[in-house]
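Notes to accompany the following structure.
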Amino acid sequence: MDAVSTIFSLLVAAVGWYYMFYSRSALRLHGIEDEALNRRRQRLRRVGGLVLLLLGVAMFAGFHSVDSSTSAQAFVLVWLGVFILLLAVLLLAMVDLRLTWKLRRRRERRSLEVHSPRKLP
């Protein structure tokens, strides 16, 4: 079980590292999305990557450094930190999803305006 938890923690941290430094998907929306919203999306994704990196470290600490039999207070604090980081990842993902929905609605409205017949007076 130790190997599985170690590999899982390492994978979560590696995904956070990749998402923070190497993910370029928000940059590809530069021509489509408003510049200010695109910068906000890029910052939110980098913060999400940092939170994932911290989540991997916190999970590793929770699996390997604290035990409920040795220090109950440390155990609760570490796992509470893990759950708070999970909540932060969830909230950041929901904000990114909301920005994507807004972008999609704007693009649909534009395409309807372009393709809809205009009424003559």
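Ligands are numbered from 1 in the order shown, residues from 1 within each chain, and chains are lettered A, B, ... in the order they appear in the structure tokens.
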Please provide as a ChimeraX atom specification all residues within 10 Å of A:Leu10, with the sequence filter that same-chain residues fewer than 5 positions apart are discarded (counting only C-alpha atoms).
/A:4-5,15-16,53,55-57,59-60
Identify all residues of stretch 15-121 of chain A in helix (DSSP H, G or I) (DSSP on the backbone) and supply them as a PyMOL selection string.
chain A and resi 15-21+27-29+35-64+72-115
Which residue, A:Val78, A:Val47, A:Leu103, A:Ala14, has the smallest gap to A:Ala61 when you use only C-alpha atoms?
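Closest to A:Ala61 of all the choices is A:Val78.
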A:Val114, A:Phe75, A:Arg109, A:Phe63 ranked by distance to A:Ser9, top pick (using only C-alpha atoms):
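Closest candidate: A:Phe63.
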Please tabulate, as CSV, the residues of stretch 28-60 of chain A that come within 8 Å of stretch 80-93 of chain A, each with its closest pair of atoms and the distance in Å to one decimal, counting only C-alpha atoms and ordering rows by chain, then residue number upward.
```
residue,atom,partner,partner_atom,distance
A:Leu44,CA,A:Leu92,CA,6.7
A:Arg45,CA,A:Leu92,CA,7.7
A:Gly48,CA,A:Val89,CA,6.0
A:Val51,CA,A:Leu85,CA,6.4
A:Leu52,CA,A:Val89,CA,7.0
A:Leu54,CA,A:Leu85,CA,7.7
A:Leu55,CA,A:Leu85,CA,5.9
A:Ala58,CA,A:Val82,CA,5.9
A:Met59,CA,A:Val82,CA,6.4
```
Residues as selected, N, CA, C and O atoms, written as a PDB file, in the first residue's frame, can you do that?
```pdb
ATOM      1  N   LEU A  44      -5.391  31.638 -13.100  1.00  0.00           N
ATOM      2  CA  LEU A  44      -6.148  30.648 -12.345  1.00  0.00           C
ATOM      3  C   LEU A  44      -5.605  29.238 -12.583  1.00  0.00           C
ATOM      4  O   LEU A  44      -5.522  28.438 -11.648  1.00  0.00           O
ATOM      5  N   ARG A  45      -5.207  28.952 -13.807  1.00  0.00           N
ATOM      6  CA  ARG A  45      -4.665  27.617 -14.088  1.00  0.00           C
ATOM      7  C   ARG A  45      -3.305  27.419 -13.447  1.00  0.00           C
ATOM      8  O   ARG A  45      -2.990  26.326 -12.983  1.00  0.00           O
ATOM      9  N   GLY A  48      -4.015  26.811  -9.887  1.00  0.00           N
ATOM     10  CA  GLY A  48      -4.506  25.436  -9.772  1.00  0.00           C
ATOM     11  C   GLY A  48      -3.374  24.423  -9.828  1.00  0.00           C
ATOM     12  O   GLY A  48      -3.379  23.425  -9.100  1.00  0.00           O
ATOM     13  N   VAL A  51      -1.653  24.508  -6.487  1.00  0.00           N
ATOM     14  CA  VAL A  51      -2.464  23.817  -5.475  1.00  0.00           C
ATOM     15  C   VAL A  51      -2.351  22.308  -5.655  1.00  0.00           C
ATOM     16  O   VAL A  51      -2.251  21.559  -4.669  1.00  0.00           O
ATOM     17  N   LEU A  52      -2.343  21.832  -6.898  1.00  0.00           N
ATOM     18  CA  LEU A  52      -2.162  20.395  -7.129  1.00  0.00           C
ATOM     19  C   LEU A  52      -0.788  19.917  -6.663  1.00  0.00           C
ATOM     20  O   LEU A  52      -0.664  18.827  -6.091  1.00  0.00           O
ATOM     21  N   LEU A  54       1.003  21.258  -4.244  1.00  0.00           N
ATOM     22  CA  LEU A  54       0.924  21.220  -2.784  1.00  0.00           C
ATOM     23  C   LEU A  54       0.075  20.059  -2.298  1.00  0.00           C
ATOM     24  O   LEU A  54       0.366  19.454  -1.253  1.00  0.00           O
ATOM     25  N   LEU A  55      -0.962  19.725  -3.055  1.00  0.00           N
ATOM     26  CA  LEU A  55      -1.806  18.590  -2.689  1.00  0.00           C
ATOM     27  C   LEU A  55      -1.014  17.285  -2.730  1.00  0.00           C
ATOM     28  O   LEU A  55      -1.151  16.440  -1.839  1.00  0.00           O
ATOM     29  N   ALA A  58       1.157  17.289   0.346  1.00  0.00           N
ATOM     30  CA  ALA A  58       0.357  17.073   1.558  1.00  0.00           C
ATOM     31  C   ALA A  58      -0.137  15.634   1.654  1.00  0.00           C
ATOM     32  O   ALA A  58      -0.174  15.059   2.752  1.00  0.00           O
ATOM     33  N   MET A  59      -0.500  15.048   0.518  1.00  0.00           N
ATOM     34  CA  MET A  59      -0.933  13.649   0.554  1.00  0.00           C
ATOM     35  C   MET A  59       0.224  12.728   0.924  1.00  0.00           C
ATOM     36  O   MET A  59       0.045  11.774   1.690  1.00  0.00           O
TER      37      MET A  59
END
```
Looking at only C-alpha atoms, which of A:Gln42, A:Thr70, A:Val76, A:Thr6 is the one that sits closest to A:Arg28?
A:Gln42
